[in-house]
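As provided, work05.pdb (PDB, C-alpha atoms and all ligand atoms) reads as follows.
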ATOM      1  CA  MET A   1    -111.988  66.655  46.033
ATOM      2  CA  ASN A   2    -110.951  65.741  42.533
ATOM      3  CA  LYS A   3    -107.701  63.763  42.331
ATOM      4  CA  GLN A   4    -106.969  65.087  38.855
ATOM      5  CA  VAL A   5    -107.366  68.712  39.958
ATOM      6  CA  GLN A   6    -105.219  68.025  42.992
ATOM      7  CA  SER A   7    -102.472  66.572  40.822
ATOM      8  CA  ASP A   8    -102.839  69.410  38.280
ATOM      9  CA  LEU A   9    -102.431  72.003  41.040
ATOM     10  CA  HIS A  10     -99.352  70.211  42.285
ATOM     11  CA  ILE A  11     -97.803  70.363  38.796
ATOM     12  CA  LEU A  12     -98.947  73.947  38.274
ATOM     13  CA  LYS A  13     -97.217  74.999  41.499
ATOM     14  CA  GLN A  14     -93.952  73.560  40.224
ATOM     15  CA  ALA A  15     -94.432  75.286  36.885
ATOM     16  CA  GLN A  16     -95.264  78.543  38.632
ATOM     17  CA  THR A  17     -92.035  78.448  40.666
ATOM     18  CA  LEU A  18     -90.107  78.013  37.420
ATOM     19  CA  ASP A  19     -92.102  80.725  35.645
ATOM     20  CA  ALA A  20     -91.604  83.231  38.438
ATOM     21  CA  GLU A  21     -87.848  82.858  38.078
ATOM     22  CA  LEU A  22     -88.141  82.818  34.295
ATOM     23  CA  TYR A  23     -90.050  86.091  34.352
ATOM     24  CA  ARG A  24     -87.404  87.710  36.557
ATOM     25  CA  ILE A  25     -84.713  86.555  34.157
ATOM     26  CA  LEU A  26     -86.595  87.880  31.127
ATOM     27  CA  GLN A  27     -86.874  91.233  32.899
ATOM     28  CA  GLU A  28     -83.133  91.222  33.576
ATOM     29  CA  LEU A  29     -82.378  90.286  29.977
ATOM     30  CA  GLN A  30     -84.433  93.242  28.792
ATOM     31  CA  GLN A  31     -82.138  95.519  30.774
ATOM     32  CA  ILE A  32     -79.030  94.296  28.963
ATOM     33  CA  ALA A  33     -79.447  96.344  25.785
ATOM     34  CA  PRO A  34     -80.036  99.666  27.605
ATOM     35  CA  GLU A  35     -77.130  98.860  29.908
ATOM     36  CA  ARG A  36     -74.852  98.365  26.909
ATOM     37  CA  GLU A  37     -76.133 101.559  25.331
ATOM     38  CA  GLN A  38     -75.414 103.427  28.568
ATOM     39  CA  LEU A  39     -71.845 102.121  28.640
ATOM     40  CA  LYS A  40     -71.367 103.122  25.034
ATOM     41  CA  GLN A  41     -72.640 106.633  25.659
ATOM     42  CA  GLU A  42     -70.475 107.105  28.739
ATOM     43  CA  LEU A  43     -67.401 106.113  26.768
ATOM     44  CA  GLU A  44     -68.369 108.398  23.881
ATOM     45  CA  ALA A  45     -68.698 111.283  26.345
ATOM     46  CA  GLU A  46     -65.189 110.581  27.652
ATOM     47  CA  LYS A  47     -63.825 110.571  24.121
ATOM     48  CA  ALA A  48     -65.645 113.811  23.299
ATOM     49  CA  ARG A  49     -64.016 115.416  26.351
ATOM     50  CA  LEU A  50     -60.552 114.588  25.055
ATOM     51  CA  LYS A  51     -61.496 115.833  21.605
ATOM     52  CA  ASP A  52     -62.630 119.174  23.083
ATOM     53  CA  LEU A  53     -59.388 119.591  25.020
ATOM     54  CA  ASP A  54     -57.418 118.725  21.914
ATOM     55  CA  GLY A  55     -59.410 121.291  19.944
ATOM     56  CA  ALA A  56     -58.668 123.990  22.544
ATOM     57  CA  LEU A  57     -54.948 123.159  22.350
ATOM     58  CA  LYS A  58     -54.904 123.374  18.546
ATOM     59  CA  LYS A  59     -56.741 126.696  18.648
ATOM     60  CA  ARG A  60     -54.089 128.179  20.931
ATOM     61  CA  GLN A  61     -51.254 126.779  18.848
ATOM     62  CA  LEU A  62     -52.763 128.487  15.830
ATOM     63  CA  ALA A  63     -53.104 131.756  17.750
ATOM     64  CA  GLN A  64     -49.425 131.540  18.730
ATOM     65  CA  LYS A  65     -48.438 131.098  15.090
ATOM     66  CA  GLU A  66     -50.517 134.088  14.038
ATOM     67  CA  LYS A  67     -49.053 136.333  16.712
ATOM     68  CA  GLU A  68     -45.522 135.220  15.870
ATOM     69  CA  GLY A  69     -46.168 135.914  12.198
ATOM     70  CA  GLU A  70     -47.394 139.379  12.989
ATOM     71  CA  LEU A  71     -44.403 139.958  15.239
ATOM     72  CA  ALA A  72     -41.946 138.901  12.532
ATOM     73  CA  GLN A  73     -43.653 141.136   9.992
ATOM     74  CA  LYS A  74     -43.376 144.141  12.275
ATOM     75  CA  GLU A  75     -39.775 143.224  13.095
ATOM     76  CA  THR A  76     -38.929 143.284   9.394
ATOM     77  CA  HIS A  77     -40.667 146.590   8.998
ATOM     78  CA  ILE A  78     -38.676 148.068  11.906
ATOM     79  CA  LYS A  79     -35.386 146.867  10.371
ATOM     80  CA  LYS A  80     -36.354 148.404   7.060
ATOM     81  CA  LEU A  81     -37.193 151.750   8.673
ATOM     82  CA  GLU A  82     -34.000 151.712  10.713
ATOM     83  CA  GLY A  83     -32.050 151.180   7.493
ATOM     84  CA  GLN A  84     -33.811 154.147   5.924
ATOM     85  CA  LEU A  85     -33.135 156.461   8.875
ATOM     86  CA  ALA A  86     -29.671 157.362   7.585
ATOM     87  CA  LEU A  87     -31.076 158.297   4.222
ATOM     88  CA  VAL A  88     -33.715 160.838   5.304
ATOM     89  CA  LYS A  89     -33.012 164.405   4.436
ATOM     90  CA  THR A  90     -34.966 166.489   6.952
ATOM     91  CA  ASN A  91     -35.295 166.507  10.720
ATOM     92  CA  LYS A  92     -39.035 166.372  10.378
ATOM     93  CA  GLU A  93     -38.867 163.191   8.305
ATOM     94  CA  TYR A  94     -36.310 161.756  10.717
ATOM     95  CA  SER A  95     -38.437 162.296  13.814
ATOM     96  CA  ALA A  96     -41.571 161.010  12.039
ATOM     97  CA  MET A  97     -39.728 157.793  11.144
ATOM     98  CA  GLN A  98     -38.389 157.460  14.662
ATOM     99  CA  GLN A  99     -41.893 157.834  15.981
ATOM    100  CA  GLU A 100     -43.134 155.130  13.651
ATOM    101  CA  ILE A 101     -40.328 152.817  14.781
ATOM    102  CA  ALA A 102     -41.149 153.484  18.442
ATOM    103  CA  SER A 103     -44.810 152.768  17.829
ATOM    104  CA  LEU A 104     -43.981 149.468  16.047
ATOM    105  CA  LYS A 105     -41.698 148.455  18.896
ATOM    106  CA  ALA A 106     -44.453 149.167  21.398
ATOM    107  CA  ASP A 107     -46.824 146.977  19.346
ATOM    108  CA  ASN A 108     -44.256 144.220  19.311
ATOM    109  CA  SER A 109     -43.676 144.317  23.006
ATOM    110  CA  LEU A 110     -47.457 143.757  23.467
ATOM    111  CA  LEU A 111     -47.360 140.963  20.911
ATOM    112  CA  GLU A 112     -44.473 139.328  22.766
ATOM    113  CA  GLU A 113     -46.493 139.441  25.975
ATOM    114  CA  ASP A 114     -49.391 137.824  24.106
ATOM    115  CA  VAL A 115     -47.141 135.072  22.783
ATOM    116  CA  ILE A 116     -45.814 134.333  26.272
ATOM    117  CA  ARG A 117     -49.332 134.210  27.677
ATOM    118  CA  ILE A 118     -50.474 131.887  24.874
ATOM    119  CA  MET A 119     -47.446 129.650  25.406
ATOM    120  CA  ASP A 120     -48.380 129.339  29.078
ATOM    121  CA  GLU A 121     -51.910 128.439  28.069
ATOM    122  CA  ILE A 122     -50.589 125.874  25.604
ATOM    123  CA  GLU A 123     -48.533 124.263  28.310
ATOM    124  CA  ALA A 124     -51.555 124.049  30.590
ATOM    125  CA  CYS A 125     -53.639 122.629  27.720
ATOM    126  CA  ARG A 126     -50.979 120.017  26.959
ATOM    127  CA  ASP A 127     -50.968 118.947  30.595
ATOM    128  CA  GLU A 128     -54.727 118.586  30.533
ATOM    129  CA  VAL A 129     -54.676 116.615  27.278
ATOM    130  CA  THR A 130     -52.031 114.254  28.651
ATOM    131  CA  LYS A 131     -53.968 113.789  31.877
ATOM    132  CA  GLU A 132     -57.155 113.152  29.931
ATOM    133  CA  GLN A 133     -55.411 110.629  27.674
ATOM    134  CA  VAL A 134     -54.226 108.681  30.705
ATOM    135  CA  ARG A 135     -57.669 108.944  32.254
ATOM    136  CA  LEU A 136     -59.350 107.788  29.045
ATOM    137  CA  LYS A 137     -57.091 104.729  28.832
ATOM    138  CA  GLU A 138     -58.065 103.777  32.373
ATOM    139  CA  ARG A 139     -61.722 104.415  31.647
ATOM    140  CA  GLU A 140     -61.518 102.277  28.519
ATOM    141  CA  LYS A 141     -60.095  99.424  30.578
ATOM    142  CA  ASP A 142     -62.861  99.940  33.078
ATOM    143  CA  PHE A 143     -65.496  99.955  30.328
ATOM    144  CA  SER A 144     -64.121  96.734  28.807
ATOM    145  CA  ALA A 145     -64.322  95.073  32.206
ATOM    146  CA  ARG A 146     -67.908  96.250  32.632
ATOM    147  CA  GLU A 147     -68.800  95.123  29.123
ATOM    148  CA  LEU A 148     -67.316  91.682  29.875
ATOM    149  CA  GLU A 149     -69.280  91.540  33.093
ATOM    150  CA  VAL A 150     -72.512  92.339  31.211
ATOM    151  CA  GLN A 151     -71.678  89.692  28.625
ATOM    152  CA  LYS A 152     -71.023  87.098  31.321
ATOM    153  CA  ARG A 153     -74.232  87.954  33.119
ATOM    154  CA  GLU A 154     -76.191  87.781  29.873
ATOM    155  CA  LYS A 155     -74.822  84.330  29.116
ATOM    156  CA  GLU A 156     -75.651  83.084  32.603
ATOM    157  CA  TRP A 157     -79.202  84.352  32.260
ATOM    158  CA  LEU A 158     -79.643  82.916  28.797
ATOM    159  CA  ASP A 159     -78.379  79.537  30.033
ATOM    160  CA  ARG A 160     -80.656  79.645  33.049
ATOM    161  CA  LYS A 161     -83.569  80.698  30.847
ATOM    162  CA  GLN A 162     -82.980  77.693  28.603
ATOM    163  CA  GLN A 163     -82.824  75.429  31.641
ATOM    164  CA  LEU A 164     -86.031  76.824  33.099
ATOM    165  CA  LEU A 165     -87.877  76.543  29.782
ATOM    166  CA  GLN A 166     -86.895  72.903  29.529
ATOM    167  CA  GLN A 167     -87.873  72.144  33.107
ATOM    168  CA  LYS A 168     -91.161  73.941  32.648
ATOM    169  CA  GLU A 169     -91.910  72.117  29.407
ATOM    170  CA  GLN A 170     -91.242  68.832  31.180
ATOM    171  CA  SER A 171     -93.296  69.822  34.170
ATOM    172  CA  ILE A 172     -96.426  70.849  32.257
ATOM    173  CA  SER A 173     -96.222  68.083  29.653
ATOM    174  CA  THR A 174     -98.395  65.817  31.812
ATOM    175  CA  LEU A 175    -101.193  68.378  32.188
ATOM    176  CA  ALA A 176    -104.370  68.072  30.151
ATOM    177  CA  PRO A 177    -104.063  70.370  27.093
ATOM    178  CA  ASP A 178    -106.855  72.721  28.219
ATOM    179  CA  VAL A 179    -105.326  73.213  31.685
ATOM    180  CA  LYS A 180    -101.904  73.650  30.158
ATOM    181  CA  ASP A 181    -103.161  76.210  27.611
ATOM    182  CA  LEU A 182    -105.084  78.121  30.247
ATOM    183  CA  TYR A 183    -102.025  78.266  32.486
ATOM    184  CA  LEU A 184     -99.734  79.435  29.664
ATOM    185  CA  ARG A 185    -102.232  82.078  28.580
ATOM    186  CA  ILE A 186    -102.484  83.544  32.084
ATOM    187  CA  VAL A 187     -98.703  83.444  32.619
ATOM    188  CA  GLU A 188     -98.233  85.380  29.420
ATOM    189  CA  LYS A 189    -100.842  87.985  30.303
ATOM    190  CA  LYS A 190    -100.108  88.347  34.009
ATOM    191  CA  ASN A 191     -96.394  89.072  34.183
ATOM    192  CA  GLY A 192     -95.301  85.501  34.838
ATOM    193  CA  ILE A 193     -97.730  84.781  37.670
ATOM    194  CA  ALA A 194    -100.654  82.506  36.681
ATOM    195  CA  LEU A 195    -101.128  80.637  39.942
ATOM    196  CA  THR A 196    -101.368  82.466  43.206
ATOM    197  CA  PRO A 197    -102.191  81.482  46.799
ATOM    198  CA  VAL A 198    -105.182  82.683  48.777
ATOM    199  CA  LYS A 199    -103.974  84.236  52.034
ATOM    200  CA  ASN A 200    -106.414  85.494  54.673
ATOM    201  CA  ASN A 201    -109.210  85.304  52.086
ATOM    202  CA  ILE A 202    -107.257  87.597  49.793
ATOM    203  CA  CYS A 203    -105.943  86.806  46.307
ATOM    204  CA  SER A 204    -102.151  87.230  46.511
ATOM    205  CA  GLY A 205    -102.106  88.133  42.824
ATOM    206  CA  CYS A 206    -104.266  91.249  43.001
ATOM    207  CA  GLN A 207    -104.871  91.721  46.753
ATOM    208  CA  ILE A 208    -108.627  91.663  46.416
ATOM    209  CA  GLN A 209    -110.905  90.161  49.078
ATOM    210  CA  LEU A 210    -112.400  86.957  47.666
ATOM    211  CA  ARG A 211    -116.030  85.950  48.096
ATOM    212  CA  ALA A 212    -116.729  83.122  50.564
ATOM    213  CA  GLN A 213    -118.085  80.946  47.774
ATOM    214  CA  VAL A 214    -114.904  81.358  45.739
ATOM    215  CA  ILE A 215    -112.800  80.413  48.745
ATOM    216  CA  ASN A 216    -114.972  77.359  49.311
ATOM    217  CA  GLU A 217    -114.505  76.278  45.725
ATOM    218  CA  VAL A 218    -110.764  76.726  45.989
ATOM    219  CA  MET A 219    -110.711  74.613  49.143
ATOM    220  CA  MET A 220    -112.845  71.878  47.572
ATOM    221  CA  GLN A 221    -110.335  71.354  44.751
ATOM    222  CA  ASP A 222    -113.038  70.008  42.451
ATOM    223  CA  ILE A 223    -112.243  72.466  39.709
ATOM    224  CA  ILE A 224    -109.503  74.977  39.004
ATOM    225  CA  VAL A 225    -110.846  78.300  40.315
ATOM    226  CA  LEU A 226    -109.871  81.664  38.843
ATOM    227  CA  CYS A 227    -109.836  84.975  40.698
ATOM    228  CA  ASP A 228    -112.847  87.084  39.656
ATOM    229  CA  ASN A 229    -110.692  90.167  39.566
ATOM    230  CA  CYS A 230    -107.298  89.267  38.069
ATOM    231  CA  GLY A 231    -108.156  85.933  36.428
ATOM    232  CA  ARG A 232    -105.288  84.032  38.035
ATOM    233  CA  MET A 233    -105.620  80.437  39.211
ATOM    234  CA  LEU A 234    -106.101  80.171  42.946
ATOM    235  CA  TYR A 235    -104.974  77.645  45.555
ATOM    236  CA  ILE A 236    -104.925  77.452  49.318
ATOM    237  CA  GLU A 237    -101.432  77.374  50.713
ATOM    238  CA  ASP A 238    -100.723  74.216  52.777
TER     239      ASP A 238
HETATM  240 ZN    ZN B   1    -106.715  88.174  41.917
END
Is it possible to give me this structure as structure tokens?
Amino acid sequence: MNKQVQSDLHILKQAQTLDAELYRILQELQQIAPEREQLKQELEAEKARLKDLDGALKKRQLAQKEKEGELAQKETHIKKLEGQLALVKTNKEYSAMQQEIASLKADNSLLEEDVIRIMDEIEACRDEVTKEQVRLKEREKDFSARELEVQKREKEWLDRKQQLLQQKEQSISTLAPDVKDLYLRIVEKKNGIALTPVKNNICSGCQIQLRAQVINEVMMQDIIVLCDNCGRMLYIED
């Protein structure tokens, strides 16, 4: 048993505990940007909904104007024809003009029905727009709260990350440079886990059955032993 290796493993275990948490935090931090993007998109979708409803309302208002214009035009035409009725000379002309007036009036009565229908639709649209505006305001409040929550969480993680990096730096500063470098290299490559216990002759890092000789070497603690399969440092759990 090599005292130096024993002491190194002790330090490496501390570093590994810190790195495991650090890795989790880095993972969480990576989720922050997509989470923000998601919030942004959800809010945009809400805004688009209101814009659509507003567009539908405007379209109907325009249709109402058009119908009313048409109605007024026909109304004027009817008045003009009615004024001319007294001036016509023959019965034939008179009845033709009366027929034209009757036909215009029939058109107008349909137009009036259209206008009433459109006005009903406009009222329903207005209700929907108002409801959506209220809803959007509430959603915006909700989104701000969620955004604040994300911001707070991000800050907590960044603070904790800083803390862990410092503690880790301190912890591994006493290791020999080659051991330290090896550890840092494996941590980087192996998703934050460089040192892993042997349990029931199995490497906890990759779940492979270790050879008896490897297990012996790990138990001897004369050298730092790496898993043949995943390359992580091995130790026997006390
Ligand atoms: Zn392994």
* What lies within 12 Å of Glu217 of chain A using all atoms listed in the file, ignoring chain neighbours under 3 positions off, as a count of residues only? -> 21
* Give the residue list for ligand ZN 1 (chain B) at 8 Å, counting all atoms listed in the file, as a ChimeraX atom specification, sorted by chain and then by residue number. => /A:196,202-208,226-232
Go through the shown structure with the PyMOL selection byres (((chain A and resi 121) around 12) and not hetatm) and write out the matching residues as an mmCIF file with C-alpha atoms, in the frame of the given file.
data_model
loop_
_atom_site.group_PDB
_atom_site.id
_atom_site.type_symbol
_atom_site.label_atom_id
_atom_site.label_comp_id
_atom_site.auth_asym_id
_atom_site.auth_seq_id
_atom_site.Cartn_x
_atom_site.Cartn_y
_atom_site.Cartn_z
ATOM 1 C CA LEU A 53 -59.388 119.591 25.020
ATOM 2 C CA ALA A 56 -58.668 123.990 22.544
ATOM 3 C CA LEU A 57 -54.948 123.159 22.350
ATOM 4 C CA LYS A 58 -54.904 123.374 18.546
ATOM 5 C CA LYS A 59 -56.741 126.696 18.648
ATOM 6 C CA ARG A 60 -54.089 128.179 20.931
ATOM 7 C CA GLN A 61 -51.254 126.779 18.848
ATOM 8 C CA ALA A 63 -53.104 131.756 17.750
ATOM 9 C CA GLN A 64 -49.425 131.540 18.730
ATOM 10 C CA ASP A 114 -49.391 137.824 24.106
ATOM 11 C CA VAL A 115 -47.141 135.072 22.783
ATOM 12 C CA ILE A 116 -45.814 134.333 26.272
ATOM 13 C CA ARG A 117 -49.332 134.210 27.677
ATOM 14 C CA ILE A 118 -50.474 131.887 24.874
ATOM 15 C CA MET A 119 -47.446 129.650 25.406
ATOM 16 C CA ASP A 120 -48.380 129.339 29.078
ATOM 17 C CA ILE A 122 -50.589 125.874 25.604
ATOM 18 C CA GLU A 123 -48.533 124.263 28.310
ATOM 19 C CA ALA A 124 -51.555 124.049 30.590
ATOM 20 C CA CYS A 125 -53.639 122.629 27.720
ATOM 21 C CA ARG A 126 -50.979 120.017 26.959
ATOM 22 C CA ASP A 127 -50.968 118.947 30.595
ATOM 23 C CA GLU A 128 -54.727 118.586 30.533
#
* Asked: Within 9 Å of Ile25 of chain A, counting all atoms listed in the file, which residues qualify if same-chain residues fewer than 2 places away don't, as an MDAnalysis selection string?
  -> chainID A and resid 20:23 27:30 157:158 160:161
* Asked: Which residues come within 12 Å of Lys74 of chain A, counting only C-alpha atoms, excluding same-chain residues fewer than 6 positions away, as a list of chain:residue names?
  -> A:Lys67, A:Glu68, A:Lys80, A:Leu81, A:Glu100, A:Ile101, A:Ala102, A:Ser103, A:Leu104, A:Lys105, A:Ala106, A:Asp107, A:Asn108, A:Ser109, A:Leu110, A:Leu111, A:Glu112
Take the residues from that selection and write them out as an mmCIF file, in the frame of the given file, keeping C-alpha atoms.
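As a result, again_13.cif now contains:
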data_model
loop_
_atom_site.group_PDB
_atom_site.id
_atom_site.type_symbol
_atom_site.label_atom_id
_atom_site.label_comp_id
_atom_site.auth_asym_id
_atom_site.auth_seq_id
_atom_site.Cartn_x
_atom_site.Cartn_y
_atom_site.Cartn_z
ATOM 1 C CA LYS A 67 -49.053 136.333 16.712
ATOM 2 C CA GLU A 68 -45.522 135.220 15.870
ATOM 3 C CA LYS A 80 -36.354 148.404 7.060
ATOM 4 C CA LEU A 81 -37.193 151.750 8.673
ATOM 5 C CA GLU A 100 -43.134 155.130 13.651
ATOM 6 C CA ILE A 101 -40.328 152.817 14.781
ATOM 7 C CA ALA A 102 -41.149 153.484 18.442
ATOM 8 C CA SER A 103 -44.810 152.768 17.829
ATOM 9 C CA LEU A 104 -43.981 149.468 16.047
ATOM 10 C CA LYS A 105 -41.698 148.455 18.896
ATOM 11 C CA ALA A 106 -44.453 149.167 21.398
ATOM 12 C CA ASP A 107 -46.824 146.977 19.346
ATOM 13 C CA ASN A 108 -44.256 144.220 19.311
ATOM 14 C CA SER A 109 -43.676 144.317 23.006
ATOM 15 C CA LEU A 110 -47.457 143.757 23.467
ATOM 16 C CA LEU A 111 -47.360 140.963 20.911
ATOM 17 C CA GLU A 112 -44.473 139.328 22.766
#
* Using the chain letters and residue numbers of this document, give as a ChimeraX atom specification the residues selected by the PyMOL selection byres (((chain A and resi 32) around 12) and not hetatm). => /A:25-31,33-39,146-147,149-155,157-158
Go ahead and save the picked residues with C-alpha atoms, as a PDB file, keeping the file's coordinate frame.
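Below you can see out19.pdb, which holds the result:
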ATOM      1  CA  ILE A  25     -84.713  86.555  34.157  1.00  0.00           C
ATOM      2  CA  LEU A  26     -86.595  87.880  31.127  1.00  0.00           C
ATOM      3  CA  GLN A  27     -86.874  91.233  32.899  1.00  0.00           C
ATOM      4  CA  GLU A  28     -83.133  91.222  33.576  1.00  0.00           C
ATOM      5  CA  LEU A  29     -82.378  90.286  29.977  1.00  0.00           C
ATOM      6  CA  GLN A  30     -84.433  93.242  28.792  1.00  0.00           C
ATOM      7  CA  GLN A  31     -82.138  95.519  30.774  1.00  0.00           C
ATOM      8  CA  ALA A  33     -79.447  96.344  25.785  1.00  0.00           C
ATOM      9  CA  PRO A  34     -80.036  99.666  27.605  1.00  0.00           C
ATOM     10  CA  GLU A  35     -77.130  98.860  29.908  1.00  0.00           C
ATOM     11  CA  ARG A  36     -74.852  98.365  26.909  1.00  0.00           C
ATOM     12  CA  GLU A  37     -76.133 101.559  25.331  1.00  0.00           C
ATOM     13  CA  GLN A  38     -75.414 103.427  28.568  1.00  0.00           C
ATOM     14  CA  LEU A  39     -71.845 102.121  28.640  1.00  0.00           C
ATOM     15  CA  ARG A 146     -67.908  96.250  32.632  1.00  0.00           C
ATOM     16  CA  GLU A 147     -68.800  95.123  29.123  1.00  0.00           C
ATOM     17  CA  GLU A 149     -69.280  91.540  33.093  1.00  0.00           C
ATOM     18  CA  VAL A 150     -72.512  92.339  31.211  1.00  0.00           C
ATOM     19  CA  GLN A 151     -71.678  89.692  28.625  1.00  0.00           C
ATOM     20  CA  LYS A 152     -71.023  87.098  31.321  1.00  0.00           C
ATOM     21  CA  ARG A 153     -74.232  87.954  33.119  1.00  0.00           C
ATOM     22  CA  GLU A 154     -76.191  87.781  29.873  1.00  0.00           C
ATOM     23  CA  LYS A 155     -74.822  84.330  29.116  1.00  0.00           C
ATOM     24  CA  TRP A 157     -79.202  84.352  32.260  1.00  0.00           C
ATOM     25  CA  LEU A 158     -79.643  82.916  28.797  1.00  0.00           C
TER      26      LEU A 158
END
For segment 93-97 of chain A, I'd like the enclosing box, axis-aligned and padded by 4 Å on every side, reported as lines of an AutoDock Vina configuration file with centre and edge lengths in Å to one decimal.
center_x = -38.9
center_y = 160.5
center_z = 11.1
size_x = 13.3
size_y = 13.4
size_z = 13.5
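We find atom CA of Ala48 of chain A and atom CA of Ala145 of chain A to be spaced 20.8 Å apart.
If you measure from each of A:Glu75, A:Glu82, A:Glu66, A:Glu132 to Asp54 of chain A using only C-alpha atoms, the closest one turns out to be A:Glu132.
Between atom CA of Ala176 of chain A and atom CA of Glu188 of chain A there is a distance of 18.4 Å.
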* Quick one: of A:Glu70, A:Ile172, A:Glu44, A:Leu9, who's nearest to Glu140 of chain A, counting only C-alpha atoms? -> A:Glu44
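Comparing the minimum interatomic distances between Leu18 of chain A and each of A:Lys40, A:Lys65, A:Arg139, A:Lys168, counting only C-alpha atoms, we find that A:Lys168 sits nearest.
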* Computed interatomic separation between atom CA of Glu113 of chain A and atom CA of Ser95 of chain A (Å) -> 27.1 Å
* Can you list, as a VMD selection string, the residues that the PyMOL selection byres (((chain A and resi 16) around 8) and not hetatm) selects here? -> chain A and resid 12 to 15 17 to 20 192 to 195
Filled-in N, CA and C atoms of segment 184-199 of chain A, supplied as a short mmCIF file (atom, residue, chain, number, x, y, z; two decimals), in the coordinates of the input:
data_model
loop_
_atom_site.label_atom_id
_atom_site.label_comp_id
_atom_site.auth_asym_id
_atom_site.auth_seq_id
_atom_site.Cartn_x
_atom_site.Cartn_y
_atom_site.Cartn_z
N LEU A 184 -100.70 78.69 30.49
CA LEU A 184 -99.73 79.44 29.66
C LEU A 184 -100.29 80.79 29.25
N ARG A 185 -101.59 80.80 28.97
CA ARG A 185 -102.23 82.08 28.58
C ARG A 185 -102.16 83.10 29.72
N ILE A 186 -102.48 82.60 30.93
CA ILE A 186 -102.48 83.54 32.08
C ILE A 186 -101.05 84.01 32.40
N VAL A 187 -100.11 83.08 32.35
CA VAL A 187 -98.70 83.44 32.62
C VAL A 187 -98.27 84.58 31.70
N GLU A 188 -98.62 84.41 30.44
CA GLU A 188 -98.23 85.38 29.42
C GLU A 188 -98.84 86.77 29.71
N LYS A 189 -100.12 86.73 30.09
CA LYS A 189 -100.84 87.98 30.30
C LYS A 189 -100.51 88.66 31.63
N LYS A 190 -100.21 87.83 32.64
CA LYS A 190 -100.11 88.35 34.01
C LYS A 190 -98.68 88.38 34.55
N ASN A 191 -97.78 88.86 33.74
CA ASN A 191 -96.39 89.07 34.18
C ASN A 191 -95.76 87.87 34.89
N GLY A 192 -95.99 86.70 34.32
CA GLY A 192 -95.30 85.50 34.84
C GLY A 192 -95.95 84.85 36.03
N ILE A 193 -97.05 85.41 36.53
CA ILE A 193 -97.73 84.78 37.67
C ILE A 193 -99.15 84.36 37.25
N ALA A 194 -99.34 83.02 37.08
CA ALA A 194 -100.65 82.51 36.68
C ALA A 194 -101.36 81.85 37.85
N LEU A 195 -100.57 81.37 38.81
CA LEU A 195 -101.13 80.64 39.94
C LEU A 195 -100.71 81.34 41.22
N THR A 196 -101.70 81.66 42.04
CA THR A 196 -101.37 82.47 43.21
C THR A 196 -102.13 81.97 44.44
N PRO A 197 -101.50 81.99 45.62
CA PRO A 197 -102.19 81.48 46.80
C PRO A 197 -103.24 82.45 47.35
N VAL A 198 -104.21 81.88 48.02
CA VAL A 198 -105.18 82.68 48.78
C VAL A 198 -104.63 82.80 50.19
N LYS A 199 -104.47 84.03 50.66
CA LYS A 199 -103.97 84.24 52.03
C LYS A 199 -104.93 85.16 52.77
#
